[in-house]
$ cat target.json   # JSON, C-alpha atoms and all ligand atoms
[["chain", "number", "residue", "atom", "x", "y", "z"],
["A", 172, "MET", "CA", 73.98, 105.08, 116.75],
["A", 173, "THR", "CA", 72.76, 102.03, 114.86],
["A", 174, "ASP", "CA", 69.15, 100.86, 114.78],
["A", 175, "PHE", "CA", 68.70, 97.11, 114.38],
["A", 176, "ILE", "CA", 65.45, 95.98, 112.76],
["A", 177, "HIS", "CA", 64.83, 92.23, 113.14],
["A", 178, "VAL", "CA", 62.12, 91.03, 110.72],
["A", 179, "TYR", "CA", 60.93, 87.77, 112.20],
["A", 180, "ASN", "CA", 57.90, 85.50, 112.37],
["A", 181, "SER", "CA", 58.21, 81.77, 112.99],
["A", 182, "LYS", "CA", 55.56, 81.11, 110.33],
["A", 183, "GLY", "CA", 57.02, 80.38, 106.90],
["A", 184, "GLY", "CA", 55.99, 82.27, 103.78],
["A", 185, "VAL", "CA", 54.35, 85.07, 105.70],
["A", 186, "GLY", "CA", 56.28, 87.86, 103.93],
["A", 187, "LYS", "CA", 59.45, 88.35, 106.02],
["A", 188, "SER", "CA", 61.87, 88.64, 103.10],
["A", 189, "SER", "CA", 59.52, 90.94, 101.17],
["A", 190, "LEU", "CA", 59.06, 93.22, 104.18],
["A", 191, "THR", "CA", 62.84, 93.21, 104.83],
["A", 192, "TRP", "CA", 63.45, 94.17, 101.21],
["A", 193, "VAL", "CA", 60.82, 96.92, 101.31],
["A", 194, "LEU", "CA", 62.11, 98.38, 104.59],
["A", 195, "GLY", "CA", 65.82, 98.17, 103.77],
["A", 196, "THR", "CA", 65.64, 99.49, 100.22],
["A", 197, "THR", "CA", 63.13, 102.25, 101.05],
["A", 198, "LEU", "CA", 65.06, 103.47, 104.11],
["A", 199, "ALA", "CA", 68.19, 103.58, 101.91],
["A", 200, "LYS", "CA", 66.25, 105.54, 99.28],
["A", 201, "HIS", "CA", 65.12, 108.04, 101.93],
["A", 202, "LEU", "CA", 68.74, 108.51, 103.06],
["A", 203, "GLU", "CA", 69.79, 108.99, 99.44],
["A", 204, "SER", "CA", 67.04, 111.59, 98.86],
["A", 205, "ALA", "CA", 68.25, 113.47, 101.95],
["A", 206, "ASN", "CA", 71.82, 113.46, 100.55],
["A", 207, "SER", "CA", 72.90, 111.60, 103.65],
["A", 208, "ASP", "CA", 76.12, 109.63, 103.72],
["A", 209, "GLU", "CA", 74.64, 107.23, 106.29],
["A", 210, "LYS", "CA", 74.03, 103.66, 105.17],
["A", 211, "VAL", "CA", 71.60, 100.78, 105.55],
["A", 212, "LEU", "CA", 72.79, 97.17, 105.67],
["A", 213, "ILE", "CA", 70.47, 94.26, 104.91],
["A", 214, "ILE", "CA", 71.62, 90.96, 106.41],
["A", 215, "ASP", "CA", 70.35, 87.75, 104.84],
["A", 216, "LEU", "CA", 70.06, 85.09, 107.52],
["A", 217, "ASP", "CA", 67.87, 82.72, 105.53],
["A", 218, "ILE", "CA", 69.31, 79.58, 104.00],
["A", 219, "GLN", "CA", 67.01, 80.16, 100.99],
["A", 220, "ARG", "CA", 68.95, 83.43, 100.43],
["A", 221, "ASN", "CA", 66.01, 85.11, 98.70],
["A", 222, "ILE", "CA", 67.20, 88.58, 99.63],
["A", 223, "SER", "CA", 70.74, 87.92, 98.39],
["A", 224, "THR", "CA", 69.39, 86.64, 95.07],
["A", 225, "CYS", "CA", 67.18, 89.70, 94.65],
["A", 226, "LEU", "CA", 69.74, 92.36, 95.54],
["A", 227, "VAL", "CA", 72.86, 91.17, 93.75],
["A", 228, "LYS", "CA", 73.03, 91.54, 89.97],
["A", 229, "ASN", "CA", 75.63, 88.77, 89.57],
["A", 230, "PRO", "CA", 75.16, 86.37, 92.51],
["A", 231, "GLU", "CA", 77.78, 84.02, 91.03],
["A", 232, "LYS", "CA", 80.38, 86.72, 91.61],
["A", 233, "ILE", "CA", 79.78, 86.84, 95.37],
["A", 234, "GLU", "CA", 83.18, 86.00, 96.79],
["A", 235, "PHE", "CA", 82.49, 85.86, 100.52],
["A", 236, "SER", "CA", 79.30, 85.49, 102.51],
["A", 237, "LEU", "CA", 78.09, 85.54, 106.09],
["A", 238, "SER", "CA", 79.32, 82.01, 106.75],
["A", 239, "ASP", "CA", 82.93, 82.96, 105.86],
["A", 240, "ILE", "CA", 82.93, 85.41, 108.75],
["A", 241, "PHE", "CA", 82.29, 82.53, 111.15],
["A", 242, "ILE", "CA", 83.98, 79.57, 109.48],
["A", 243, "ASN", "CA", 87.01, 81.23, 107.83],
["A", 244, "ASN", "CA", 87.42, 84.31, 110.02],
["A", 245, "THR", "CA", 86.87, 86.55, 106.98],
["A", 246, "PRO", "CA", 86.62, 90.20, 108.09],
["A", 247, "PRO", "CA", 82.99, 91.44, 107.71],
["A", 248, "GLU", "CA", 84.04, 94.31, 105.40],
["A", 249, "LYS", "CA", 85.18, 91.73, 102.83],
["A", 250, "ALA", "CA", 81.84, 89.92, 102.89],
["A", 251, "VAL", "CA", 79.66, 93.02, 102.48],
["A", 252, "VAL", "CA", 78.41, 93.79, 98.96],
["A", 253, "ASN", "CA", 77.57, 97.33, 97.88],
["A", 254, "VAL", "CA", 74.10, 97.64, 96.32],
["A", 255, "SER", "CA", 73.55, 101.40, 95.94],
["A", 256, "ALA", "CA", 74.86, 104.68, 97.38],
["A", 257, "ASN", "CA", 73.23, 104.11, 100.76],
["A", 258, "LEU", "CA", 72.65, 100.37, 100.77],
["A", 259, "ASP", "CA", 74.89, 97.36, 101.42],
["A", 260, "LEU", "CA", 74.05, 93.66, 101.71],
["A", 261, "LEU", "CA", 75.63, 90.98, 103.82],
["A", 262, "PRO", "CA", 74.72, 87.98, 101.65],
["A", 263, "SER", "CA", 74.30, 84.37, 102.64],
["A", 264, "GLU", "CA", 75.19, 81.27, 100.73],
["A", 265, "GLY", "CA", 73.43, 77.94, 101.06],
["A", 266, "ASP", "CA", 75.81, 76.84, 103.80],
["A", 267, "LEU", "CA", 74.29, 78.58, 106.80],
["A", 268, "ASP", "CA", 73.72, 75.17, 108.43],
["A", 269, "ALA", "CA", 77.50, 74.88, 108.61],
["A", 270, "VAL", "CA", 77.57, 78.05, 110.72],
["A", 271, "THR", "CA", 74.94, 76.67, 113.07],
["A", 272, "ASN", "CA", 76.93, 73.44, 113.38],
["A", 273, "TYR", "CA", 80.14, 75.38, 113.97],
["A", 274, "LEU", "CA", 78.47, 77.47, 116.69],
["A", 275, "SER", "CA", 77.25, 74.33, 118.44],
["A", 276, "THR", "CA", 80.88, 73.15, 118.83],
["A", 277, "ILE", "CA", 81.81, 76.22, 120.89],
["A", 278, "THR", "CA", 81.81, 75.50, 124.61],
["A", 279, "MET", "CA", 81.78, 79.03, 126.05],
["A", 280, "GLY", "CA", 79.79, 81.97, 124.69],
["A", 281, "ARG", "CA", 78.29, 80.25, 121.65],
["A", 282, "GLU", "CA", 75.35, 82.68, 121.73],
["A", 283, "PHE", "CA", 77.60, 85.73, 121.49],
["A", 284, "GLN", "CA", 79.67, 84.91, 118.41],
["A", 285, "PHE", "CA", 77.61, 87.15, 116.10],
["A", 286, "LYS", "CA", 78.01, 90.05, 118.52],
["A", 287, "GLU", "CA", 81.75, 89.42, 118.86],
["A", 288, "ARG", "CA", 82.45, 89.16, 115.16],
["A", 289, "LEU", "CA", 79.99, 91.69, 113.81],
["A", 290, "GLY", "CA", 78.73, 93.95, 116.60],
["A", 291, "ASP", "CA", 81.41, 96.68, 116.48],
["A", 292, "PHE", "CA", 81.65, 96.55, 112.68],
["A", 293, "LEU", "CA", 77.90, 97.09, 112.28],
["A", 294, "LYS", "CA", 77.78, 99.93, 114.80],
["A", 295, "GLU", "CA", 80.74, 101.68, 113.20],
["A", 296, "HIS", "CA", 79.55, 101.53, 109.59],
["A", 297, "TYR", "CA", 75.76, 101.52, 109.51],
["A", 298, "ARG", "CA", 72.94, 103.77, 110.65],
["A", 299, "ILE", "CA", 70.35, 101.01, 110.15],
["A", 300, "VAL", "CA", 70.70, 97.22, 109.97],
["A", 301, "VAL", "CA", 67.69, 95.25, 108.70],
["A", 302, "ILE", "CA", 67.86, 91.49, 109.21],
["A", 303, "ASP", "CA", 65.81, 88.89, 107.33],
["A", 304, "TYR", "CA", 65.15, 85.74, 109.36],
["A", 305, "PRO", "CA", 64.21, 82.20, 108.37],
["A", 306, "PRO", "CA", 61.01, 80.89, 109.96],
["A", 307, "ASN", "CA", 62.83, 78.79, 112.55],
["A", 308, "ILE", "CA", 64.95, 79.81, 115.49],
["A", 309, "ASN", "CA", 68.40, 78.23, 115.65],
["A", 310, "LEU", "CA", 71.77, 79.04, 117.18],
["A", 311, "LEU", "CA", 72.64, 81.47, 114.38],
["A", 312, "THR", "CA", 69.35, 83.36, 114.51],
["A", 313, "LEU", "CA", 69.53, 83.46, 118.31],
["A", 314, "ASN", "CA", 73.04, 84.94, 117.98],
["A", 315, "SER", "CA", 71.66, 87.59, 115.66],
["A", 316, "LEU", "CA", 68.69, 88.48, 117.87],
["A", 317, "ILE", "CA", 71.08, 89.32, 120.68],
["A", 318, "VAL", "CA", 73.65, 91.25, 118.61],
["A", 319, "SER", "CA", 72.68, 94.50, 120.32],
["A", 320, "GLU", "CA", 70.58, 95.38, 123.35],
["A", 321, "GLU", "CA", 70.47, 99.02, 122.32],
["A", 322, "GLN", "CA", 68.21, 100.24, 119.50],
["A", 323, "CYS", "CA", 66.89, 96.71, 119.04],
["A", 324, "HIS", "CA", 63.53, 96.61, 117.21],
["A", 325, "VAL", "CA", 61.66, 93.42, 116.42],
["A", 326, "VAL", "CA", 59.13, 93.81, 113.60],
["A", 327, "VAL", "CA", 56.79, 90.85, 113.11],
["A", 328, "PRO", "CA", 55.03, 90.62, 109.76],
["A", 329, "VAL", "CA", 51.62, 89.00, 110.03],
["A", 330, "GLU", "CA", 49.10, 88.11, 107.41],
["A", 331, "LEU", "CA", 45.50, 88.34, 108.47],
["A", 332, "SER", "CA", 45.31, 84.61, 109.10],
["A", 333, "PHE", "CA", 45.18, 82.38, 112.14],
["A", 334, "LEU", "CA", 48.48, 80.57, 111.38],
["A", 335, "SER", "CA", 50.36, 83.79, 110.88],
["A", 336, "LEU", "CA", 49.07, 85.06, 114.23],
["A", 337, "SER", "CA", 50.14, 81.86, 116.00],
["A", 338, "GLY", "CA", 53.63, 82.33, 114.47],
["A", 339, "ALA", "CA", 53.73, 85.79, 116.06],
["A", 340, "VAL", "CA", 52.64, 84.36, 119.41],
["A", 341, "GLN", "CA", 55.52, 81.86, 119.18],
["A", 342, "VAL", "CA", 57.94, 84.73, 118.55],
["A", 343, "ASP", "CA", 56.62, 86.43, 121.68],
["A", 344, "GLU", "CA", 57.31, 83.27, 123.70],
["A", 345, "GLN", "CA", 60.81, 82.85, 122.23],
["A", 346, "LEU", "CA", 61.74, 86.45, 123.01],
["A", 347, "GLU", "CA", 60.46, 86.01, 126.55],
["A", 348, "LYS", "CA", 62.96, 83.16, 127.00],
["A", 349, "ILE", "CA", 65.78, 85.33, 125.61],
["A", 350, "ARG", "CA", 64.95, 87.92, 128.30],
["A", 351, "LYS", "CA", 64.53, 85.28, 131.00],
["A", 352, "TYR", "CA", 68.05, 83.93, 130.37],
["A", 353, "ASN", "CA", 69.50, 87.45, 130.17],
["A", 354, "LEU", "CA", 70.70, 87.04, 126.61],
["A", 355, "ASN", "CA", 69.12, 90.33, 125.57],
["A", 356, "LYS", "CA", 67.02, 91.99, 128.26],
["A", 357, "ASN", "CA", 65.64, 94.64, 125.88],
["A", 358, "ILE", "CA", 64.18, 92.31, 123.29],
["A", 359, "HIS", "CA", 60.45, 92.07, 122.77],
["A", 360, "ILE", "CA", 58.03, 92.48, 119.89],
["A", 361, "ASP", "CA", 58.08, 96.19, 119.14],
["A", 362, "PHE", "CA", 55.92, 96.30, 116.04],
["A", 363, "VAL", "CA", 53.45, 94.06, 114.26],
["A", 364, "CYS", "CA", 53.11, 94.86, 110.57],
["A", 365, "ILE", "CA", 50.11, 93.53, 108.68],
["A", 366, "VAL", "CA", 51.40, 92.30, 105.33],
["A", 367, "LYS", "CA", 49.89, 91.06, 102.06],
["A", 368, "ASP", "CA", 46.91, 93.16, 103.04],
["A", 369, "ASN", "CA", 43.97, 92.97, 100.67],
["A", 370, "ILE", "CA", 41.32, 95.64, 100.16],
["A", 371, "SER", "CA", 38.58, 93.01, 100.11],
["A", 372, "ARG", "CA", 39.14, 91.32, 103.46],
["A", 373, "SER", "CA", 37.53, 87.90, 103.91],
["A", 374, "ASN", "CA", 35.63, 86.97, 107.08],
["A", 375, "HIS", "CA", 38.62, 84.91, 108.20],
["A", 376, "ALA", "CA", 40.83, 88.00, 107.71],
["A", 377, "LYS", "CA", 38.43, 90.18, 109.72],
["A", 378, "ILE", "CA", 38.32, 87.68, 112.61],
["A", 379, "SER", "CA", 42.13, 87.33, 112.52],
["A", 380, "GLN", "CA", 42.49, 91.09, 112.58],
["A", 381, "GLU", "CA", 40.40, 91.30, 115.77],
["A", 382, "GLU", "CA", 42.51, 88.60, 117.40],
["A", 383, "ILE", "CA", 45.75, 90.33, 116.38],
["A", 384, "GLN", "CA", 44.35, 93.57, 117.78],
["A", 385, "GLN", "CA", 43.56, 91.92, 121.12],
["A", 386, "ARG", "CA", 46.90, 90.15, 121.41],
["A", 387, "PHE", "CA", 49.20, 92.93, 120.19],
["A", 388, "ASN", "CA", 47.26, 96.05, 121.04],
["A", 389, "GLY", "CA", 49.38, 99.19, 120.71],
["A", 390, "LYS", "CA", 52.10, 97.46, 118.66],
["A", 391, "ILE", "CA", 50.31, 97.19, 115.34],
["A", 392, "LEU", "CA", 51.50, 99.66, 112.73],
["A", 393, "GLU", "CA", 48.61, 101.69, 111.33],
["A", 394, "ASN", "CA", 49.98, 101.44, 107.80],
["A", 395, "THR", "CA", 49.99, 97.98, 106.25],
["A", 396, "LEU", "CA", 52.11, 96.40, 103.52],
["A", 397, "LYS", "CA", 49.39, 95.85, 100.96],
["A", 398, "GLN", "CA", 49.36, 93.04, 98.46],
["A", 399, "ALA", "CA", 50.97, 94.59, 95.38],
["A", 400, "ILE", "CA", 52.48, 92.81, 92.40],
["A", 401, "ASP", "CA", 55.09, 95.57, 92.06],
["A", 402, "ILE", "CA", 56.82, 94.28, 95.21],
["A", 403, "PRO", "CA", 57.70, 90.75, 93.96],
["A", 404, "ASN", "CA", 58.25, 92.14, 90.46],
["A", 405, "ALA", "CA", 60.74, 94.72, 91.69],
["A", 406, "MET", "CA", 62.49, 92.05, 93.76],
["A", 407, "VAL", "CA", 62.85, 89.47, 90.98],
["A", 408, "SER", "CA", 64.00, 92.10, 88.49],
["A", 409, "ARG", "CA", 66.82, 92.88, 90.95],
["A", 410, "SER", "CA", 65.82, 96.52, 91.22],
["A", 411, "ARG", "CA", 67.49, 98.41, 94.02],
["A", 412, "ASN", "CA", 64.16, 99.76, 95.22],
["A", 413, "LEU", "CA", 60.52, 100.00, 94.10],
["A", 414, "TRP", "CA", 61.07, 103.27, 92.23],
["A", 415, "GLU", "CA", 63.94, 101.93, 90.21],
["A", 416, "TYR", "CA", 61.52, 99.23, 89.02],
["A", 417, "ASP", "CA", 58.75, 101.75, 88.25],
["A", 418, "SER", "CA", 59.14, 105.43, 89.04],
["A", 419, "GLU", "CA", 55.33, 105.78, 89.10],
["A", 420, "THR", "CA", 54.69, 102.64, 91.19],
["A", 421, "LYS", "CA", 51.30, 102.66, 92.91],
["A", 422, "ALA", "CA", 52.83, 100.78, 95.84],
["A", 423, "GLY", "CA", 55.12, 103.77, 96.51],
["A", 424, "THR", "CA", 52.54, 105.76, 98.48],
["A", 425, "PHE", "CA", 51.68, 103.07, 101.04],
["A", 426, "VAL", "CA", 55.27, 101.84, 101.27],
["A", 427, "ASN", "CA", 56.51, 105.37, 102.05],
["A", 428, "ALA", "CA", 53.75, 105.85, 104.62],
["A", 429, "LEU", "CA", 54.64, 102.54, 106.30],
["A", 430, "VAL", "CA", 58.36, 103.30, 106.42],
["A", 431, "VAL", "CA", 57.84, 106.83, 107.74],
["A", 432, "GLU", "CA", 55.50, 105.56, 110.47],
["A", 433, "LEU", "CA", 57.96, 102.86, 111.52],
["A", 434, "TRP", "CA", 60.89, 105.28, 111.53],
["A", 435, "ASP", "CA", 58.98, 107.87, 113.58],
["A", 436, "LYS", "CA", 57.90, 105.28, 116.13],
["A", 437, "MET", "CA", 61.38, 103.72, 116.31],
["A", 438, "SER", "CA", 62.87, 107.14, 116.96],
["A", 439, "LYS", "CA", 60.65, 107.84, 120.00],
["B", 1, "LIG", "N1", 53.08, 92.74, 99.89],
["B", 1, "LIG", "C1", 53.14, 91.71, 99.02],
["B", 1, "LIG", "N2", 52.52, 91.80, 97.84],
["B", 1, "LIG", "C2", 52.55, 90.76, 96.95],
["B", 1, "LIG", "N3", 53.17, 89.59, 97.19],
["B", 1, "LIG", "C3", 53.81, 89.44, 98.36],
["B", 1, "LIG", "C4", 53.84, 90.50, 99.33],
["B", 1, "LIG", "N4", 54.55, 90.06, 100.42],
["B", 1, "LIG", "C5", 54.95, 88.80, 100.10],
["B", 1, "LIG", "N5", 54.51, 88.43, 98.89],
["B", 1, "LIG", "C6", 54.72, 87.12, 98.23],
["B", 1, "LIG", "O1", 54.43, 86.08, 99.18],
["B", 1, "LIG", "C7", 55.36, 85.01, 99.05],
["B", 1, "LIG", "C8", 56.08, 84.78, 100.37],
["B", 1, "LIG", "O2", 56.76, 85.98, 100.70],
["B", 1, "LIG", "P1", 58.21, 85.96, 101.36],
["B", 1, "LIG", "O3", 59.16, 85.12, 100.58],
["B", 1, "LIG", "O4", 58.58, 87.38, 101.59],
["B", 1, "LIG", "O5", 57.88, 85.23, 102.74],
["B", 1, "LIG", "P2", 58.90, 84.72, 103.87],
["B", 1, "LIG", "O6", 58.20, 84.88, 105.16],
["B", 1, "LIG", "O7", 60.20, 85.41, 103.72],
["B", 1, "LIG", "O8", 59.06, 83.19, 103.50],
["B", 1, "LIG", "P3", 60.07, 82.15, 104.18],
["B", 1, "LIG", "O9", 59.49, 81.81, 105.52],
["B", 1, "LIG", "O10", 60.07, 81.00, 103.21],
["B", 1, "LIG", "O11", 61.39, 82.84, 104.28],
["B", 1, "LIG", "C9", 56.29, 85.41, 97.92],
["B", 1, "LIG", "O12", 55.83, 84.81, 96.72],
["B", 1, "LIG", "C10", 56.16, 86.91, 97.85],
["B", 1, "LIG", "O13", 56.44, 87.43, 96.58],
["B", 2, "MG", "MG", 62.15, 84.57, 103.52]]
$ encode --input "target.json" --output "C-alpha cells"
Amino acid sequence: MTDFIHVYNSKGGVGKSSLTWVLGTTLAKHLESANSDEKVLIIDLDIQRNISTCLVKNPEKIEFSLSDIFINNTPPEKAVVNVSANLDLLPSEGDLDAVTNYLSTITMGREFQFKERLGDFLKEHYRIVVIDYPPNINLLTLNSLIVSEEQCHVVVPVELSFLSLSGAVQVDEQLEKIRKYNLNKNIHIDFVCIVKDNISRSNHAKISQEEIQQRFNGKILENTLKQAIDIPNAMVSRSRNLWEYDSETKAGTFVNALVVELWDKMSK
C-alpha cells in the first residue's frame, strides 16, 4: 500500500517545498530508525526545482529527470535518485513546461499520463510518496493529483495570513472540479497545516487563524510547522534531514510531533 501526500496551495511562497522537505525527510528518518526497508519518494513538480536542488549533492550529475519519463519514455527507475537508505527523489529539471506542452498534444487521456507512466511503479516501490507542487494548477499537476484514488491525502500549508487562506480556498474549489468531472472522486483537502508559525502572533495572524478555523474546521493539524531557521539552513546545506544538519536541532521536537500526528491521522 502506498500513501500519496500532495503538498499544495495555490498561493506562492507559502512554504510548500519546505513542508514537503520536512515531511519526506522526517518520514524517511522514522522508517530508518525502525529498521524498515520501506521507502519514501519525494517528487519535485515545481519548475523552480527547489527540492531537487536541496536534496541532491551534485545536481549537475542528474542524468534523467521527471520530464524524460514523459518526453523520452525513460523508465521511472532510471530517473529516480537515491538520497538515503529510506529516501529517493524524483527530480525535475527546468523543462517541466515542455511536459505540460507535450501533454496538451495528446488527444485521448491526457489527464491520465502520469498515472499510466508512474502509477504502478510508485505503488510497487514506495510506502509513501510526497509531492511538492508549484503554486499554479496545470496539466502536469492535474495529472499528478489524480495519480491514485486510493490513499490520496492532500495537505495544504497555510500561513496565518489572508492571502494564504484564499489560496487554500482556491485549492478546495479546484479539487471540487476534479471530483465533479470524475478525475479522482476521492480527492479533497484532508489536512491544513499551519506553517511558518510564530510564537508572537500578530492581530492579522489571530484573525486569519479564526477564519481558517471556520473554513477548515476538523482538518487543521494541531501541531504547526513553526518558523525555524534550522529548516532553510538544513535544506540549503543539502542535509538529508534536520538531524543530519544538527543532531540537537530545536526544531526536531515540533517536527516529530507534526509528522507523528499526520501519520496517525492518515492511517485512520
Ligand atoms: N517553517 C519555516 N521556517 C523558516 N522559514 C521557512 C519555513 N517555511 C518556509 N520558510 C521560508 O519561506 C520561504 C518560502 O518557502 P517555500 O519555498 O517552501 O515556499 P513555496 O510555497 O514552496 O514557494 P513557491 O510557491 O515559490 O514554490 C523560503 O525562504 C523558506 O526558506
Ligand atoms: Mg516551492
$ closest_residue --input "target.json" --among "A:Arg298, A:Arg220, A:Lys348, A:Lys397" --to "A:Val366" --atoms "only C-alpha atoms"
A:Lys397
$ residues_around --input "target.json" --residues "A:Val431" --least-positions-apart "6" --cutoff "10 Å" --atoms "all atoms listed in the file" --output "number ranges by chain"
A: 194, 197-198, 201, 394, 425, 437
$ residues_near_ligand --input "target.json" --ligand "ligand MG 2 (chain B)" --cutoff "12 Å" --atoms "all atoms listed in the file" --output "compact mmCIF listing (two decimals) with C-alpha atoms, in the coordinates of the input"
# COMPACT_ATOMS: atom_id res chain seq x y z
CA VAL A 178 62.12 91.03 110.72
CA TYR A 179 60.93 87.77 112.20
CA ASN A 180 57.90 85.50 112.37
CA SER A 181 58.21 81.77 112.99
CA LYS A 182 55.56 81.11 110.33
CA GLY A 183 57.02 80.38 106.90
CA GLY A 184 55.99 82.27 103.78
CA VAL A 185 54.35 85.07 105.70
CA GLY A 186 56.28 87.86 103.93
CA LYS A 187 59.45 88.35 106.02
CA SER A 188 61.87 88.64 103.10
CA SER A 189 59.52 90.94 101.17
CA LEU A 190 59.06 93.22 104.18
CA THR A 191 62.84 93.21 104.83
CA TRP A 192 63.45 94.17 101.21
CA ILE A 214 71.62 90.96 106.41
CA ASP A 215 70.35 87.75 104.84
CA LEU A 216 70.06 85.09 107.52
CA ASP A 217 67.87 82.72 105.53
CA ILE A 218 69.31 79.58 104.00
CA GLN A 219 67.01 80.16 100.99
CA ARG A 220 68.95 83.43 100.43
CA ASN A 221 66.01 85.11 98.70
CA ILE A 222 67.20 88.58 99.63
CA SER A 223 70.74 87.92 98.39
CA THR A 224 69.39 86.64 95.07
CA CYS A 225 67.18 89.70 94.65
CA ILE A 302 67.86 91.49 109.21
CA ASP A 303 65.81 88.89 107.33
CA TYR A 304 65.15 85.74 109.36
CA PRO A 305 64.21 82.20 108.37
CA PRO A 306 61.01 80.89 109.96
CA ASN A 307 62.83 78.79 112.55
CA PRO A 328 55.03 90.62 109.76
$ residues_around --input "target.json" --residues "A:Phe362" --least-positions-apart "3" --cutoff "6 Å" --atoms "only C-alpha atoms" --output "PyMOL selection string"
chain A and resi 326+390-391
$ closest_atom_pairs --input "target.json" --of "stretch 297-328 of chain A" --to "stretch 234-247 of chain A" --cutoff "12 Å" --atoms "only C-alpha atoms" --output "CSV"
residue,atom,partner,partner_atom,distance
A:Leu311,CA,A:Ser238,CA,10.2
A:Asn314,CA,A:Phe241,CA,11.7
A:Ser315,CA,A:Leu237,CA,11.7
$ write_last_selection --input "target.json" --atoms "C-alpha atoms" --output "mmCIF file, keeping the file's coordinate frame"
data_model
loop_
_atom_site.group_PDB
_atom_site.id
_atom_site.type_symbol
_atom_site.label_atom_id
_atom_site.label_comp_id
_atom_site.auth_asym_id
_atom_site.auth_seq_id
_atom_site.Cartn_x
_atom_site.Cartn_y
_atom_site.Cartn_z
ATOM 1 C CA LEU A 311 72.640 81.470 114.380
ATOM 2 C CA ASN A 314 73.040 84.940 117.980
ATOM 3 C CA SER A 315 71.660 87.590 115.660
#
$ closest_residue --input "target.json" --among "A:Val193, A:Val211, A:Val270, A:Val363" --to "ligand LIG 1 (chain B)" --atoms "all atoms listed in the file"
A:Val193
$ atom_distance --input "target.json" --atom1 "atom CA of A:Pro262" --atom2 "atom CA of A:Ile277"
23.6 Å
$ closest_residue --input "target.json" --among "A:Thr420, A:Leu261, A:Leu289, A:His296" --to "A:Lys210" --atoms "all atoms listed in the file"
A:His296
$ closest_residue --input "target.json" --among "A:Lys232, A:Lys367, A:Lys356, A:Arg288" --to "ligand LIG 1 (chain B)" --atoms "only C-alpha atoms and all ligand atoms"
A:Lys367
$ closest_residue --input "target.json" --among "A:Ala269, A:Cys323, A:Leu413, A:Leu313" --to "ligand LIG 1 (chain B)" --atoms "only C-alpha atoms and all ligand atoms"
A:Leu413
$ atom_distance --input "target.json" --atom1 "atom CA of A:Ala422" --atom2 "atom CA of A:Lys228"
23.0 Å
$ closest_residue --input "target.json" --among "A:Asn206, A:Glu320, A:Leu331, A:Ser410" --to "A:Val254" --atoms "all atoms listed in the file"
A:Ser410
$ residues_near_point --input "target.json" --point "(73.4, 79.0, 118.6)" --cutoff "9 Å" --atoms "only C-alpha atoms" --output "list in words"
Val270, Thr271, Asn272, Tyr273, Leu274, Ser275, Arg281, Glu282, Phe283, Gln284, Asn309, Leu310, Leu311, Thr312, Leu313 and Asn314 of chain A
$ atom_distance --input "target.json" --atom1 "atom CA of A:Ile378" --atom2 "atom CA of A:Trp434"
28.6 Å
$ residues_around --input "target.json" --residues "A:Lys294" --least-positions-apart "2" --cutoff "10 Å" --atoms "all atoms listed in the file" --output "MDAnalysis selection string"
chainID A and resid 172:175 289:292 296:300 319
$ write_last_selection --input "target.json" --atoms "C-alpha atoms" --output "compact mmCIF listing (two decimals), keeping the file's coordinate frame"
# COMPACT_ATOMS: atom_id res chain seq x y z
CA MET A 172 73.98 105.08 116.75
CA THR A 173 72.76 102.03 114.86
CA ASP A 174 69.15 100.86 114.78
CA PHE A 175 68.70 97.11 114.38
CA LEU A 289 79.99 91.69 113.81
CA GLY A 290 78.73 93.95 116.60
CA ASP A 291 81.41 96.68 116.48
CA PHE A 292 81.65 96.55 112.68
CA HIS A 296 79.55 101.53 109.59
CA TYR A 297 75.76 101.52 109.51
CA ARG A 298 72.94 103.77 110.65
CA ILE A 299 70.35 101.01 110.15
CA VAL A 300 70.70 97.22 109.97
CA SER A 319 72.68 94.50 120.32
